[in-house]
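The structure under discussion appears below in the form of structure tokens.
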Amino acid sequence: MAATTDTVGALVTYLAAQSAISSLLSARVYGLELPKADSDDMPRKAIVIKRAGGIGEDSELDVFMHRLDFRCYGETTFQADRVWRTLRTELRLLTKDVTGSVVLFSASHSAGPFSLRDQPTEWPMVVDTWLVKAQD
């Protein structure tokens, strides 16, 4: 049986390496959750990539469509929206990229964006959902 792709980890690495993202966020692109050490300094600009569910993966294929939520944080609602606008541009430009053992093929918009506040912290954020095509 083939190993499960680490698409979230590959996206963290890929996005952190994009100059528009790194100049805006430094290295604050995370997979699955915000590290405790970083949460002490929030709210500030950051992206957290989480699994959104809803798309089944065919066990016979090694190319998958991952449905992912991108949580874009900022000091204010406007700054969270700025992070989202920067992220959206980078995801639209994503074409075949090899990151570690993962091939990221493309990203297509699925739902959102939704402006809201994280609970219970009340940090401003924008949530946007994308389908990311990836292969081990």
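Residues are referred to by chain and number: the chain letter is A, B, ... according to the order shown in the structure tokens, the number counts from 1 in that chain, and ligands are numbered separately from 1 in the order shown.
For Arg85 of chain A, the non-local neighbours within 12 Å, defined as residues at least 4 positions apart in the same chain or in other chains and counting only C-alpha atoms, are Ala20, Ile21, Leu24, Ile47, Phe70, Arg71, Cys72, Tyr73, Gly74, Phe78, Gln79, Ala80, Asp81, Thr89, Glu90, Leu91, Arg92, Pro113, Val126, Val127 and Asp128 of chain A.
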**Request:** Please report, as a VMD selection string, each residue of chain A to which DSSP assigns helix (DSSP H, G or I) when run on this structure's backbone.
**Result:** chain A and resid 7 to 16 19 to 25 36 to 39 77 to 93
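Restricting the calculation to only C-alpha atoms, the smallest distance between His109 of chain A and any of A:Thr121, A:Thr129, A:Thr13, A:Thr95 is found for A:Thr129.
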**Message:** Based on the backbone DSSP call, show me all residues of segment 2-66 of chain A assigned strand (DSSP E or B), as a PyMOL selection string.
**Reply:** chain A and resi 29-31+46-51+63-66
**Request:** Point out the residue among A:Leu15, A:Leu25, A:Ala107, A:Leu131 with the least atom-to-atom distance to Arg82 of chain A, counting only C-alpha atoms.
**Result:**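 Among the listed residues, the smallest separation from Arg82 of chain A belongs to A:Leu25.
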**Message:** List as a PyMOL selection string the protein and nucleic acid residues near Phe105 of chain A, meaning an atom at most 7 Å away when only C-alpha atoms are counted, but skip any in the same chain fewer than 4 places from it.
**Reply:** chain A and resi 95-97+133-134
Writer output for current selection, all heavy atoms, as a short mmCIF file (atom, residue, chain, number, x, y, z; two decimals), in the first residue's frame:
data_model
loop_
_atom_site.label_atom_id
_atom_site.label_comp_id
_atom_site.auth_asym_id
_atom_site.auth_seq_id
_atom_site.Cartn_x
_atom_site.Cartn_y
_atom_site.Cartn_z
N THR A 95 1.13 25.75 -10.45
CA THR A 95 1.19 24.73 -11.49
C THR A 95 2.17 23.68 -11.00
O THR A 95 2.78 23.85 -9.95
CB THR A 95 1.65 25.31 -12.85
OG1 THR A 95 2.90 25.96 -12.68
CG2 THR A 95 0.62 26.28 -13.40
N LYS A 96 2.37 22.66 -11.74
CA LYS A 96 3.15 21.52 -11.28
C LYS A 96 4.42 21.94 -10.54
O LYS A 96 5.28 22.63 -11.07
CB LYS A 96 3.51 20.63 -12.46
CG LYS A 96 4.13 19.32 -12.04
CD LYS A 96 4.35 18.41 -13.22
CE LYS A 96 5.00 17.12 -12.79
NZ LYS A 96 5.23 16.24 -13.94
N ASP A 97 4.50 21.51 -9.27
CA ASP A 97 5.64 21.83 -8.41
C ASP A 97 5.95 20.61 -7.57
O ASP A 97 5.04 20.03 -6.97
CB ASP A 97 5.30 23.01 -7.51
CG ASP A 97 6.45 23.42 -6.64
OD1 ASP A 97 7.29 24.21 -7.11
OD2 ASP A 97 6.54 22.94 -5.49
N LYS A 133 -4.90 19.37 -6.19
CA LYS A 133 -4.57 18.11 -6.84
C LYS A 133 -3.10 17.80 -6.55
O LYS A 133 -2.22 18.64 -6.81
CB LYS A 133 -4.80 18.21 -8.35
CG LYS A 133 -4.58 16.92 -9.09
CD LYS A 133 -4.91 17.13 -10.57
CE LYS A 133 -4.70 15.86 -11.37
NZ LYS A 133 -5.01 16.09 -12.79
N ALA A 134 -2.85 16.60 -5.96
CA ALA A 134 -1.48 16.26 -5.56
C ALA A 134 -1.24 14.77 -5.74
O ALA A 134 -2.17 13.96 -5.80
CB ALA A 134 -1.25 16.64 -4.12
#
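With only C-alpha atoms as the basis for measurement, A:Arg28 is the residue among A:Trp84, A:Arg28, A:Gln135, A:Arg67 that approaches Asp41 of chain A most closely.
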**Request:** Could you tell me which of A:Leu87, A:Ala52, A:Glu33, A:Thr77 comes closest to Ser19 of chain A if we count only C-alpha atoms?
**Result:** A:Leu87
